[in-house]
Each structure stands twice: as C-alpha cells, then as structure tokens.
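input21.cif follows (mmCIF, C-alpha atoms and all ligand atoms):
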```cif
data_final
loop_
_atom_site.label_atom_id
_atom_site.label_comp_id
_atom_site.auth_asym_id
_atom_site.auth_seq_id
_atom_site.Cartn_x
_atom_site.Cartn_y
_atom_site.Cartn_z
CA MET A 56 -67.29 106.83 11.26
CA SER A 57 -64.20 104.64 11.09
CA LYS A 58 -63.87 101.92 8.49
CA LEU A 59 -65.56 98.59 9.02
CA ASN A 60 -63.27 95.58 9.45
CA TRP A 61 -63.50 93.00 6.70
CA GLY A 62 -62.19 89.46 6.51
CA MET A 63 -61.97 86.95 3.72
CA ILE A 64 -61.87 83.16 3.54
CA GLY A 65 -60.61 81.74 0.25
CA GLY A 66 -59.62 84.03 -2.59
CA GLY A 67 -55.95 83.07 -2.32
CA GLU A 68 -53.24 83.86 -4.82
CA GLY A 69 -54.27 82.88 -8.35
CA SER A 70 -57.92 82.32 -7.42
CA GLN A 71 -60.50 83.46 -9.91
CA ILE A 72 -62.78 85.53 -7.72
CA GLY A 73 -60.56 86.72 -4.85
CA PRO A 74 -59.24 89.87 -6.59
CA ALA A 75 -62.75 91.07 -7.59
CA HIS A 76 -63.80 90.86 -3.92
CA ARG A 77 -60.75 92.75 -2.71
CA LEU A 78 -61.27 95.45 -5.34
CA GLY A 79 -64.98 95.63 -4.55
CA ALA A 80 -64.61 95.76 -0.78
CA GLY A 81 -61.80 98.31 -0.99
CA LEU A 82 -63.25 100.67 -3.57
CA ASP A 83 -65.19 103.12 -1.41
CA GLY A 84 -62.92 103.12 1.62
CA LEU A 85 -65.75 101.72 3.74
CA PHE A 86 -64.02 98.46 4.64
CA ALA A 87 -60.47 97.84 5.83
CA PHE A 88 -59.10 94.41 4.89
CA THR A 89 -58.10 93.18 8.35
CA ALA A 90 -58.20 89.40 8.46
CA GLY A 91 -57.98 86.45 6.14
CA ALA A 92 -57.66 82.69 5.77
CA LEU A 93 -57.02 82.86 2.08
CA ASP A 94 -55.80 79.48 0.94
CA HIS A 95 -56.41 75.79 1.57
CA ARG A 96 -52.63 75.57 2.15
CA PRO A 97 -52.06 77.32 5.51
CA ASP A 98 -48.52 78.57 4.85
CA GLU A 99 -49.30 79.92 1.40
CA GLY A 100 -52.44 81.59 2.76
CA ARG A 101 -50.57 83.26 5.63
CA ALA A 102 -47.78 84.46 3.36
CA TYR A 103 -50.16 85.86 0.75
CA GLY A 104 -52.19 87.60 3.45
CA ARG A 105 -49.01 89.29 4.71
CA ARG A 106 -48.15 90.40 1.17
CA LEU A 107 -51.62 91.92 0.86
CA GLY A 108 -50.98 93.90 4.04
CA LEU A 109 -52.64 91.83 6.78
CA ALA A 110 -51.03 91.89 10.22
CA ALA A 111 -49.18 88.69 11.09
CA ASP A 112 -51.64 87.76 13.85
CA ARG A 113 -54.62 88.22 11.52
CA SER A 114 -53.32 86.36 8.49
CA TYR A 115 -54.62 82.97 9.49
CA GLY A 116 -53.81 79.44 8.32
CA ASP A 117 -57.40 78.27 8.15
CA TRP A 118 -60.95 79.47 8.73
CA ARG A 119 -61.38 77.77 12.11
CA GLU A 120 -58.26 79.45 13.44
CA MET A 121 -59.61 82.75 12.10
CA LEU A 122 -62.99 82.20 13.76
CA GLU A 123 -61.29 81.57 17.09
CA GLY A 124 -58.90 84.50 16.68
CA GLU A 125 -61.54 87.01 15.59
CA THR A 126 -64.27 85.98 18.04
CA GLY A 127 -62.30 87.15 21.04
CA ARG A 128 -61.22 90.53 19.67
CA GLU A 129 -62.82 93.86 20.46
CA ASP A 130 -61.95 95.06 16.94
CA ARG A 131 -63.19 91.86 15.36
CA ILE A 132 -64.24 91.78 11.72
CA ASP A 133 -67.65 93.26 10.91
CA LEU A 134 -68.11 91.17 7.77
CA VAL A 135 -66.57 87.98 6.44
CA THR A 136 -66.63 86.93 2.79
CA VAL A 137 -66.63 83.21 2.04
CA ALA A 138 -65.03 82.65 -1.37
CA THR A 139 -63.92 79.04 -1.04
CA PRO A 140 -65.05 76.12 -3.26
CA ASN A 141 -68.78 75.40 -3.20
CA ALA A 142 -68.90 72.36 -0.92
CA THR A 143 -67.37 74.33 1.98
CA HIS A 144 -69.78 77.29 1.95
CA PHE A 145 -72.44 75.80 4.22
CA GLU A 146 -70.12 74.74 7.04
CA ILE A 147 -68.15 78.00 7.08
CA THR A 148 -71.16 80.29 6.73
CA LYS A 149 -73.00 78.44 9.47
CA ALA A 150 -70.06 78.63 11.87
CA TYR A 151 -69.58 82.39 11.37
CA LEU A 152 -73.29 83.22 11.63
CA LYS A 153 -73.48 81.20 14.86
CA ALA A 154 -70.55 83.19 16.25
CA GLY A 155 -72.42 86.42 15.46
CA PHE A 156 -70.60 87.59 12.31
CA HIS A 157 -72.25 89.09 9.24
CA VAL A 158 -71.44 86.96 6.18
CA LEU A 159 -71.23 87.48 2.43
CA CYS A 160 -71.16 83.98 0.94
CA GLU A 161 -70.24 83.15 -2.63
CA LYS A 162 -72.80 81.29 -4.69
CA PRO A 163 -74.05 78.61 -4.47
CA MET A 164 -74.73 79.25 -0.78
CA THR A 165 -75.17 75.53 -0.02
CA MET A 166 -75.20 72.15 -1.74
CA THR A 167 -78.74 71.11 -0.68
CA VAL A 168 -82.13 72.73 -0.11
CA ALA A 169 -82.20 71.53 3.52
CA GLU A 170 -78.86 73.27 4.18
CA GLY A 171 -80.22 76.42 2.54
CA GLU A 172 -83.23 76.39 4.84
CA GLU A 173 -80.93 75.92 7.82
CA ILE A 174 -78.92 79.01 6.83
CA VAL A 175 -82.08 81.10 6.34
CA ASP A 176 -83.33 80.01 9.78
CA LEU A 177 -79.96 80.70 11.37
CA ALA A 178 -79.68 84.19 9.86
CA ARG A 179 -83.17 84.97 11.13
CA GLU A 180 -82.48 83.55 14.61
CA THR A 181 -79.14 85.29 15.05
CA GLY A 182 -80.28 88.52 13.38
CA ARG A 183 -77.05 88.54 11.39
CA ILE A 184 -76.83 89.52 7.74
CA CYS A 185 -76.26 86.59 5.43
CA ALA A 186 -75.78 87.93 1.91
CA VAL A 187 -75.06 85.85 -1.18
CA ASN A 188 -72.82 87.14 -3.92
CA TYR A 189 -75.05 87.40 -6.95
CA GLY A 190 -72.66 90.19 -7.73
CA TYR A 191 -73.97 91.02 -11.19
CA THR A 192 -77.11 92.50 -9.61
CA GLY A 193 -74.78 95.20 -8.31
CA TYR A 194 -74.49 96.72 -11.79
CA SER A 195 -75.98 100.18 -11.93
CA LEU A 196 -78.07 99.47 -15.04
CA VAL A 197 -79.36 96.18 -13.63
CA ARG A 198 -80.63 98.17 -10.67
CA HIS A 199 -82.08 100.68 -13.10
CA MET A 200 -83.94 97.93 -14.96
CA ARG A 201 -85.39 96.82 -11.64
CA ALA A 202 -86.48 100.38 -10.85
CA MET A 203 -88.07 100.76 -14.30
CA VAL A 204 -90.06 97.56 -13.84
CA ALA A 205 -91.09 98.51 -10.30
CA ARG A 206 -92.34 101.95 -11.31
CA GLY A 207 -94.39 100.46 -14.15
CA ASP A 208 -92.50 101.68 -17.23
CA LEU A 209 -92.95 98.26 -18.88
CA GLY A 210 -96.45 97.57 -17.55
CA ALA A 211 -97.17 93.96 -16.65
CA ILE A 212 -94.21 91.72 -17.44
CA ARG A 213 -95.07 89.10 -20.02
CA LEU A 214 -91.77 87.39 -20.74
CA VAL A 215 -88.24 87.31 -19.40
CA LYS A 216 -85.42 85.76 -21.41
CA ALA A 217 -82.19 85.10 -19.54
CA GLU A 218 -78.98 83.54 -20.80
CA PHE A 219 -75.70 82.57 -19.22
CA ALA A 220 -73.99 80.67 -22.01
CA HIS A 221 -70.23 80.52 -22.53
CA GLY A 222 -67.90 78.24 -24.43
CA HIS A 223 -65.12 77.64 -21.91
CA HIS A 224 -65.73 73.91 -21.43
CA ALA A 225 -66.34 73.05 -25.05
CA ASP A 226 -63.16 71.09 -25.69
CA ALA A 227 -63.82 67.36 -25.43
CA ALA A 228 -60.13 66.92 -24.55
CA ASP A 229 -60.92 68.73 -21.29
CA ALA A 230 -62.84 65.67 -20.16
CA ASP A 231 -59.64 64.59 -18.39
CA ASN A 232 -58.51 68.03 -17.24
CA PRO A 233 -58.80 67.96 -13.42
CA ARG A 234 -59.71 71.69 -13.30
CA VAL A 235 -62.77 70.98 -15.44
CA ARG A 236 -63.60 67.34 -14.75
CA TRP A 237 -64.79 67.82 -11.15
CA ARG A 238 -67.49 70.23 -12.27
CA TYR A 239 -69.34 67.50 -14.15
CA ASP A 240 -68.84 64.80 -11.52
CA PRO A 241 -71.85 64.43 -9.19
CA ALA A 242 -69.63 63.23 -6.34
CA GLN A 243 -67.93 66.63 -6.29
CA ALA A 244 -70.37 69.03 -7.90
CA GLY A 245 -73.75 67.77 -6.65
CA VAL A 246 -76.86 67.28 -8.79
CA SER A 247 -76.13 69.91 -11.44
CA ALA A 248 -73.09 71.42 -13.19
CA GLN A 249 -73.86 74.26 -15.58
CA PHE A 250 -77.21 75.34 -14.16
CA ALA A 251 -75.82 75.32 -10.61
CA ASP A 252 -72.72 77.26 -11.67
CA CYS A 253 -74.15 79.82 -14.10
CA GLY A 254 -77.87 79.29 -14.60
CA ILE A 255 -78.60 80.43 -11.05
CA HIS A 256 -77.01 83.84 -11.77
CA ALA A 257 -79.35 84.29 -14.73
CA LEU A 258 -82.39 83.12 -12.78
CA HIS A 259 -81.56 85.29 -9.79
CA MET A 260 -81.07 88.33 -12.00
CA ALA A 261 -84.39 87.72 -13.76
CA SER A 262 -86.20 87.47 -10.40
CA PHE A 263 -84.36 90.49 -9.03
CA VAL A 264 -85.30 92.68 -12.00
CA ILE A 265 -88.93 91.66 -12.41
CA GLY A 266 -89.64 91.27 -8.68
CA GLN A 267 -91.13 87.81 -9.16
CA GLN A 268 -90.01 84.38 -7.99
CA ALA A 269 -89.91 81.16 -9.99
CA GLU A 270 -92.81 78.92 -9.07
CA SER A 271 -92.35 76.00 -11.46
CA LEU A 272 -90.04 74.96 -14.26
CA SER A 273 -89.48 72.45 -17.02
CA ALA A 274 -85.87 71.67 -17.98
CA ASP A 275 -84.14 70.01 -20.90
CA THR A 276 -80.64 69.13 -19.65
CA VAL A 277 -77.97 67.55 -21.82
CA SER A 278 -74.32 66.56 -21.63
CA CYS A 279 -73.09 67.57 -25.08
CA ILE A 280 -69.72 66.04 -24.21
CA ALA A 281 -70.84 62.48 -23.74
CA SER A 282 -68.34 61.48 -21.04
CA ARG A 283 -69.85 64.04 -18.66
CA GLU A 284 -72.36 62.76 -16.15
CA LEU A 285 -73.80 66.20 -15.34
CA GLU A 286 -75.24 68.69 -17.84
CA ASP A 287 -73.15 71.15 -19.81
CA ASP A 288 -76.22 72.72 -21.40
CA ALA A 289 -79.76 73.36 -20.20
CA MET A 290 -82.85 75.07 -21.57
CA VAL A 291 -85.30 75.90 -18.80
CA ASN A 292 -88.87 77.16 -19.14
CA LEU A 293 -90.22 78.97 -16.10
CA ARG A 294 -93.44 80.26 -14.62
CA PHE A 295 -93.09 83.13 -12.16
CA ASP A 296 -95.43 83.89 -9.26
CA GLY A 297 -96.43 87.28 -10.70
CA GLY A 298 -97.56 85.81 -14.02
CA ALA A 299 -94.41 86.24 -16.11
CA VAL A 300 -93.12 83.46 -18.34
CA GLY A 301 -89.38 82.73 -18.36
CA ARG A 302 -86.99 81.22 -20.90
CA LEU A 303 -83.49 80.53 -19.61
CA TRP A 304 -80.56 79.06 -21.57
CA THR A 305 -77.29 78.17 -19.92
CA SER A 306 -74.35 76.43 -21.56
CA SER A 307 -70.63 75.84 -21.23
CA ILE A 308 -70.10 74.46 -24.74
CA ALA A 309 -71.22 77.54 -26.70
CA ILE A 310 -67.96 78.20 -28.57
CA GLY A 311 -67.53 81.86 -29.37
CA ARG A 312 -69.55 83.06 -26.42
CA GLN A 313 -67.36 84.61 -23.73
CA HIS A 314 -69.12 85.43 -20.45
CA GLY A 315 -72.59 85.28 -21.91
CA LEU A 316 -74.90 86.64 -19.19
CA THR A 317 -77.74 88.58 -20.83
CA LEU A 318 -81.22 89.58 -19.83
CA GLN A 319 -84.24 90.66 -21.86
CA ILE A 320 -87.50 91.77 -20.31
CA PHE A 321 -90.68 92.16 -22.33
CA GLY A 322 -93.66 93.93 -20.79
CA GLU A 323 -96.95 95.13 -22.21
CA LYS A 324 -95.54 98.68 -22.66
CA GLY A 325 -91.94 98.07 -23.71
CA GLY A 326 -88.84 95.90 -23.80
CA LEU A 327 -85.37 96.03 -22.19
CA ARG A 328 -82.10 94.33 -23.16
CA TRP A 329 -78.84 94.26 -21.16
CA SER A 330 -75.65 92.24 -21.41
CA GLN A 331 -72.89 91.71 -18.85
CA GLU A 332 -70.22 92.18 -21.52
CA GLN A 333 -71.49 95.69 -22.34
CA PRO A 334 -72.81 96.65 -18.91
CA ASN A 335 -72.70 100.40 -19.43
CA GLN A 336 -75.52 100.42 -21.98
CA LEU A 337 -79.13 99.39 -21.58
CA TYR A 338 -81.44 99.14 -24.58
CA TRP A 339 -85.01 100.28 -24.06
CA MET A 340 -87.81 100.32 -26.54
CA PRO A 341 -91.14 101.76 -25.41
CA LEU A 342 -94.02 100.29 -27.41
CA GLY A 343 -94.48 102.15 -30.69
CA GLN A 344 -91.37 104.33 -30.28
CA ASN A 345 -87.74 104.10 -31.36
CA LEU A 346 -85.08 102.00 -29.69
CA GLN A 347 -83.20 104.07 -27.10
CA THR A 348 -79.80 103.59 -25.46
CA ILE A 349 -79.64 104.37 -21.75
CA GLU A 350 -76.04 105.05 -20.66
CA ARG A 351 -74.82 104.28 -17.16
CA GLY A 352 -74.05 107.55 -15.42
CA GLN A 353 -76.38 109.70 -17.54
CA ALA A 354 -78.59 112.24 -15.79
CA GLY A 355 -82.08 111.38 -14.63
CA LEU A 356 -81.70 107.69 -13.84
CA SER A 357 -83.31 106.09 -10.77
CA PRO A 358 -81.85 106.68 -7.27
CA GLU A 359 -80.81 103.01 -7.23
CA ALA A 360 -78.79 103.55 -10.44
CA ASP A 361 -77.36 106.90 -9.38
CA ARG A 362 -76.14 105.47 -6.10
CA THR A 363 -74.29 102.63 -7.81
CA SER A 364 -72.59 104.61 -10.57
CA ARG A 365 -69.22 106.16 -9.80
CA VAL A 366 -67.30 106.97 -12.96
CA THR A 367 -68.48 109.72 -15.34
CA VAL A 368 -70.74 108.71 -18.21
CA GLY A 369 -68.77 107.34 -21.17
CA HIS A 370 -66.06 105.68 -19.05
CA ALA A 371 -66.56 101.95 -18.63
CA GLU A 372 -67.41 100.41 -15.27
CA GLY A 373 -67.09 96.66 -14.92
CA MET A 374 -67.57 93.64 -12.71
CA PRO A 375 -65.42 94.58 -9.67
CA LEU A 376 -67.44 97.80 -9.40
CA ALA A 377 -70.65 95.78 -9.48
CA PHE A 378 -69.23 93.78 -6.55
CA ALA A 379 -68.33 97.11 -4.92
CA ASN A 380 -72.01 98.01 -4.97
CA ILE A 381 -72.89 94.86 -3.06
CA TYR A 382 -70.18 95.81 -0.53
CA ALA A 383 -71.47 99.38 -0.35
CA ASP A 384 -74.97 98.05 0.42
CA LEU A 385 -73.56 95.81 3.11
CA ALA A 386 -71.52 98.63 4.63
CA GLU A 387 -74.68 100.74 4.79
CA ALA A 388 -76.68 97.86 6.33
CA ILE A 389 -74.02 97.18 8.99
CA THR A 390 -73.41 100.86 9.75
CA ALA A 391 -77.15 101.56 10.06
CA ARG A 392 -77.38 98.77 12.65
CA LYS A 393 -74.44 100.20 14.58
CA GLU A 394 -76.02 103.66 14.49
CA ASN A 395 -79.46 102.32 15.33
CA ARG A 396 -81.14 103.83 12.27
CA ASP A 397 -82.84 102.62 9.10
CA PRO A 398 -80.54 102.05 6.09
CA ASP A 399 -80.81 104.14 2.91
CA PRO A 400 -83.68 102.42 1.00
CA ALA A 401 -81.63 102.51 -2.24
CA ALA A 402 -78.99 100.40 -0.47
CA THR A 403 -81.13 97.45 0.57
CA LEU A 404 -80.87 95.50 -2.66
CA TYR A 405 -78.04 93.09 -1.83
CA PRO A 406 -78.95 89.40 -2.37
CA ARG A 407 -79.78 87.47 0.77
CA ALA A 408 -79.81 83.93 2.18
CA GLU A 409 -83.43 83.59 0.97
CA ASP A 410 -82.14 84.12 -2.58
CA GLY A 411 -79.42 81.52 -2.06
CA LEU A 412 -82.09 79.08 -0.85
CA ARG A 413 -84.40 79.77 -3.81
CA SER A 414 -81.50 79.10 -6.18
CA MET A 415 -80.79 75.78 -4.55
CA ALA A 416 -84.45 74.73 -4.88
CA ALA A 417 -84.28 75.68 -8.58
CA VAL A 418 -81.08 73.64 -9.03
CA PHE A 419 -82.78 70.53 -7.64
CA ALA A 420 -85.93 71.20 -9.69
CA VAL A 421 -83.86 71.51 -12.89
CA ALA A 422 -82.06 68.23 -12.13
CA GLU A 423 -85.35 66.45 -11.37
CA SER A 424 -87.20 67.84 -14.36
CA GLY A 425 -84.25 67.11 -16.66
CA LYS A 426 -84.32 63.44 -15.62
CA ALA A 427 -88.10 63.30 -16.15
CA ASP A 428 -88.10 64.50 -19.78
CA GLY A 429 -88.92 68.07 -18.81
CA ALA A 430 -91.83 67.37 -16.47
CA TRP A 431 -93.07 70.59 -14.86
CA THR A 432 -91.63 70.69 -11.35
CA ASP A 433 -92.16 72.93 -8.32
CA ALA A 434 -89.18 75.32 -8.20
CA ARG A 435 -89.85 76.71 -4.70
CA PRO A 436 -88.10 75.61 -1.53
CA PRO A 437 -90.49 73.85 0.88
CA MET A 438 -90.13 76.80 3.27
CA PHE A 439 -91.72 79.17 0.74
CA ARG A 440 -94.51 76.96 -0.61
N1 LIG A 501 -70.27 85.49 -7.99
C1 LIG A 501 -69.56 85.24 -9.06
O1 LIG A 501 -69.72 85.88 -10.08
C2 LIG A 501 -68.55 84.15 -9.02
C3 LIG A 501 -67.60 84.01 -10.05
C4 LIG A 501 -66.62 83.01 -9.94
C5 LIG A 501 -66.63 82.15 -8.86
N2 LIG A 501 -67.59 82.28 -7.91
C6 LIG A 501 -67.63 81.39 -6.73
O2 LIG A 501 -66.54 81.69 -5.88
C7 LIG A 501 -66.07 80.51 -5.24
C8 LIG A 501 -64.58 80.38 -5.50
O3 LIG A 501 -64.39 80.25 -6.88
P1 LIG A 501 -62.99 80.53 -7.59
O4 LIG A 501 -63.29 80.38 -9.04
O5 LIG A 501 -62.35 81.76 -7.06
O6 LIG A 501 -62.18 79.24 -7.11
P2 LIG A 501 -60.60 79.02 -7.21
O7 LIG A 501 -60.42 77.54 -7.22
O8 LIG A 501 -60.01 79.85 -8.28
O9 LIG A 501 -60.06 79.60 -5.80
C9 LIG A 501 -60.48 79.07 -4.56
C10 LIG A 501 -59.60 79.66 -3.47
O10 LIG A 501 -60.08 79.22 -2.20
C11 LIG A 501 -58.98 78.67 -1.45
N3 LIG A 501 -59.49 77.66 -0.53
C12 LIG A 501 -59.97 76.42 -0.84
N4 LIG A 501 -60.40 75.80 0.27
C13 LIG A 501 -60.18 76.66 1.30
C14 LIG A 501 -60.39 76.59 2.70
N5 LIG A 501 -60.95 75.52 3.25
N6 LIG A 501 -60.04 77.65 3.47
C15 LIG A 501 -59.48 78.76 2.90
N7 LIG A 501 -59.26 78.88 1.57
C16 LIG A 501 -59.59 77.84 0.79
C17 LIG A 501 -58.04 78.12 -2.50
O11 LIG A 501 -56.74 77.96 -1.98
C18 LIG A 501 -58.14 79.21 -3.56
O12 LIG A 501 -57.30 80.29 -3.26
C19 LIG A 501 -66.91 79.37 -5.81
O13 LIG A 501 -67.92 79.04 -4.91
C20 LIG A 501 -67.51 79.93 -7.08
O14 LIG A 501 -68.79 79.37 -7.39
C21 LIG A 501 -68.52 83.26 -7.98
#
```

Mind turning the file's structure into structure tokens?
Ligand SMILES: NC(=O)c1ccc[n+]([C@@H]2O[C@H](COP(=O)([O-])OP(=O)(O)OC[C@H]3O[C@@H](n4cnc5c(N)ncnc54)[C@H](O)[C@@H]3O)[C@@H](O)[C@H]2O)c1
Amino acid sequence: MSKLNWGMIGGGEGSQIGPAHRLGAGLDGLFAFTAGALDHRPDEGRAYGRRLGLAADRSYGDWREMLEGETGREDRIDLVTVATPNATHFEITKAYLKAGFHVLCEKPMTMTVAEGEEIVDLARETGRICAVNYGYTGYSLVRHMRAMVARGDLGAIRLVKAEFAHGHHADAADADNPRVRWRYDPAQAGVSAQFADCGIHALHMASFVIGQQAESLSADTVSCIASRELEDDAMVNLRFDGGAVGRLWTSSIAIGRQHGLTLQIFGEKGGLRWSQEQPNQLYWMPLGQNLQTIERGQAGLSPEADRTSRVTVGHAEGMPLAFANIYADLAEAITARKENRDPDPAATLYPRAEDGLRSMAAVFAVAESGKADGAWTDARPPMFR
C-alpha cells in the first residue's frame, strides 16, 4: 500500500503546533506531506512549504486555492489538517468536508454549538472522517487507562479529577501584549478563554478515559488579572452520565506550573494518576495494595497501549508521538475504507466531531454557569439531549 497523501493548513514557520503535526504525521511513514497552505501570508506560506519539500504547484498561498487545486487531482490529499487560529476552523473544515476530504481539525473545532452541530451533521451526511485533535489522548498510557477502566479494573468510577493549569499568562504586564491580550477579549476569543483553550482538553481526556460524558456542570470562573474580560482561572464541578463526579481546575496564572495537564481517576477498586509532563509512567493503586508504577512499553499492557508505544521501555516518548498515534489511527481508518474492510479495533480511538461538539457545549455551559454564580447548567449539546 502506497503512502496516503496529507495536506496541512496553518502550521507555518514559527507556529506553535505545526511542527508537532508534521512530526506526528511523518513518524510511521504512513502519510506523505504533499500539500499545504501554511501561513496567513501567501508568499511566506509558499516559500516555507517549498523548504519543507512540497512541490511548487502544491505549496499553496491560501486554503481556498489549495481546495481548488486538490479537488481536481487524481492524487489528491487523503487527509487535511486544519491548524489555523480558532475562528477559522469552522469555515475551513466545512469547506473541505463538503468537497469530500477527510479532516483533522485542531481544537476548538468551532466557535459556537450551532456550528459544531453543523459539522457533525455534515460529517455524517458526507461520510467523511472529521477528527478533532485532542492529541493528548494519543498517549499510550492514556489509552491504557481507558482500557483499564473499560475492563473493570477500577470497578465503578466514583470521581475523576482533571487539571490543566499553567502559569504562562500570569504576568499582569502581559495585559497589553498583543500575543496574549486577544485570548481574553470576547470579540476575538468568544465566550471563554482558559476553559476553551485548555479546560476542554482536560474534560475530553476525562470523558475519553472513563467512557462517560458530562451531563451538567457548575463553574466558578474568575479573571485574576482584573483587566481581562474573560476568565484566566476556572474551577468546574461536573456530573457525568454514568454516575461519576468530576472536579476540573484550569488556570493560566498558576506560576510554577508548566504544562499542567493531569488526570486522576478514583473507582471503587482502585485509583490511577497520570501527568502529561511525565507521560511514560502511570501510577496505579489497587484498593488495599501498594502503589504501583506502570511503565509505557512494559510487557502485558492492553492492545490499545501496545499499539501506540514505539520506543523501548525506559526511553521517553512525548507529545509529537502522541499526535503520531492520532495520525496512525486516521491512516488505519482511511486505509480500511479504501480496502473495504473494518479497521483494527485498537485504532478507532481518535477524537471525532462529536467530541468537538461536546466540548463546545461545555464551553458555553461554563461561561453561563460562571455568570450565574455557579448555577448547575446542562453541559450537553442540544443534539445529544
Ligand atoms: N491540540 C493541542 O494540543 C494544541 C496545542 C496548541 C495549539 N492548538 C491549536 O492549534 C491552532 C493553532 O495554534 P498555534 O498555537 O499553532 O497558533 P500560531 O499562532 O502559533 O500559528 C498559527 C499558524 O497558522 C497560520 N495561519 C493563520 N491563518 C491562516 C490561514 N487563514 N490560512 C493558512 N494559515 C494560516 C499562521 O500564519 C501561523 O503559521 C489553534 O486552534 C490552537 O487552539 C492545539
């Protein structure tokens, strides 16, 4: 089977997330990087695409030009990644789905719940894959946690505690820094800042691992830096549809915290703890026994964990390899369609448009609850009520 053709929109030179996508998509040799519209400045985007090895006629100046150019080709791209700023995701994703492309969209998938529902409907109507890059769920040990919960190692899940708290916007002097200011401005960022940027990763990971969806929530949102209109810190209490209780803290003013994504799961038979900054170890304590360290890559893990671990135990794997696992799932899903067969069941865990929609409903619920002194609010999108 020849490589699948992959294209990218956004992720230009100096972008934060572009390199992780290129490393992830390229890792297993399943995708060839064949087309791109990488920058909001057409000339810079074309030139950077050429330097990365794209052919001149497939290093495009903007995403519309790329859509037109790729649509007519026999060897057109099999998957396009949308890694542009948030407000552009909906329009670009919609256009590519309509033209019959499979899409991996960066989070947040849309800016409103109605747009999210439109994307879910469109993906269903067109039969195209619309994945959303909750890339941290690609980590081998996150998948192993999910497998442990699903096979009943923890028993019924009582409590999930998720955090995504960093300190990178803690300097009050940044209030005037244009790279930071827009994030807390409703005109540019929407109804939420920190929860929409980071909290949704933590919530999605909690749902992914425990196999339950948020039904309702109560949020305390604050702007610790007073000049900010949107929140830079939120504490969210959750109730999940399978009976679990959730506690989620997200912050951008937590000085001393670096990335700050962590997950703890407490069931009736044991507890798990995992952190994005030490992703190769998972801490597991079965009720009444000693605390154990599960190492990524050790023997006897779940098929989902084995499939997503590449480097020998003891050597660190990190975030671009987690992204690579999302790409490997997508390659398997696309190839299985081409070959008219079912995909490997261990490879069906990539996040989908439905997850992007659920996140957007949670974002609006957090904003609403935060304004109403933490009133309990329905966290589900209307489509799933
Ligand atoms: N999944 C994750 O873990 C994760 C992490 C970081 C960022 N993100 C998401 O990725 C997206 C990009 O974030 P970033 O931090 O890389 O942003 P960035 O500002 O660092 O880079 C954005 C890139 O997109 C390009 N661009 C802007 N508009 C464009 C357009 N219309 N057409 C083509 N290119 C365009 C810019 O030139 C730039 O190269 C955001 O939606 C963000 O939320 C996700």

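Between atom CA of A:His95 and atom CA of A:Ala111 there is a distance of 17.6 Å.
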
Per-residue nearest contacts of chain A to ligand LIG 501 (chain A) (6 Å; all atoms listed in the file) as a tab-separated table:
```
residue	atom	partner	partner_atom	distance
A:Ile64	CA	A:LIG501	C15	5.0
A:Gly65	CA	A:LIG501	N7	3.4
A:Gly66	CA	A:LIG501	O12	4.5
A:Gly67	CA	A:LIG501	O12	3.2
A:Glu68	CA	A:LIG501	O12	5.6
A:Ser70	CA	A:LIG501	O8	3.3
A:Gln71	CA	A:LIG501	O5	3.8
A:Ile72	CA	A:LIG501	O5	3.9
A:Gly73	CA	A:LIG501	O5	5.7
A:Ala92	CA	A:LIG501	C15	5.2
A:Leu93	CA	A:LIG501	N7	4.6
A:Asp94	CA	A:LIG501	O11	3.4
A:His95	CA	A:LIG501	C16	3.9
A:Asp117	CA	A:LIG501	N6	5.4
A:Trp118	CA	A:LIG501	N6	5.6
A:Ala138	CA	A:LIG501	C7	4.5
A:Thr139	CA	A:LIG501	O10	4.0
A:Pro140	CA	A:LIG501	O13	4.4
A:Asn141	CA	A:LIG501	O13	4.1
A:Glu161	CA	A:LIG501	O2	5.1
A:Lys162	CA	A:LIG501	O14	5.2
A:Asn188	CA	A:LIG501	N1	5.1
A:Tyr189	CA	A:LIG501	N1	5.3
A:Gly190	CA	A:LIG501	N1	5.3
```

Compile the contact shell of A:Ala154 as a PyMOL selection string: residues with an atom at most 10 Å away, counting only C-alpha atoms, same-chain residues fewer than 6 positions apart removed.
chain A and resi 122-123+125-126+148+181+183

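One finds atom CA of A:Asp287 at 15.2 Å from atom CA of A:Gln313.
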
Any idea what's packed within 8 Å of stretch 224-237 of chain A, counting all atoms listed in the file, ignoring anything in its chain fewer than 3 positions away? Could you give it as a ChimeraX atom specification?
/A:240,243-244,280,282-283,307-310

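Each of A:Asn60, A:Asn395, A:Thr403, A:Gln267 was compared to A:Asn380 using all atoms listed in the file, and A:Thr403 turns out to be the nearest.
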
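We find atom CA of A:Pro241 and atom CA of A:Met166 to be spaced 11.2 Å apart.
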
I want to know what sits within 9 Å of A:Gly254, based on all atoms listed in the file, with residues of the same chain fewer than 2 positions away left out; could you give that as an NGL selection string?
:A and (217-220 or 249-252 or 256-259 or 289 or 303-306 or 418)

Determine the nearest neighbour of A:Ala427 from the options A:Ala274, A:Ala248, A:Leu107, A:Arg440, counting all atoms listed in the file.
A:Ala274

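For the choices A:Gly182, A:Ser271, A:Val277, A:Tyr115, the atom-to-atom distance to A:Arg96 is smallest for A:Tyr115 when using all atoms listed in the file.
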
Identify, on the basis of all atoms listed in the file, every residue whose closest approach to A:Ile349 does not exceed 7 Å; exclude the query and any residue fewer than 5 positions from it along the same chain; express the result as a PyMOL selection string.
chain A and resi 336-338

Mind checking which residues fall within 8 Å of stretch 361-370 of chain A, counting all atoms listed in the file, ignoring those fewer than 3 positions away in the same chain, and posting them as a ChimeraX atom specification?
/A:193-195,350-353,356-358,377,380,401

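If only C-alpha atoms are the atoms counted, then among A:Ile174, A:Cys253, A:Ala87, A:Met121 the closest residue to A:Asp288 is A:Cys253.
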
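For the set A:Phe263, A:His199, A:Arg413, A:Gly69, the residue with the smallest atom-to-atom gap to A:Trp339 is A:His199, counting all atoms listed in the file.
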
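When only C-alpha atoms are used to measure the gap to A:Ser57, the shortest distance among A:Thr165, A:Asn292, A:Thr136, A:Thr390 belongs to A:Thr390.
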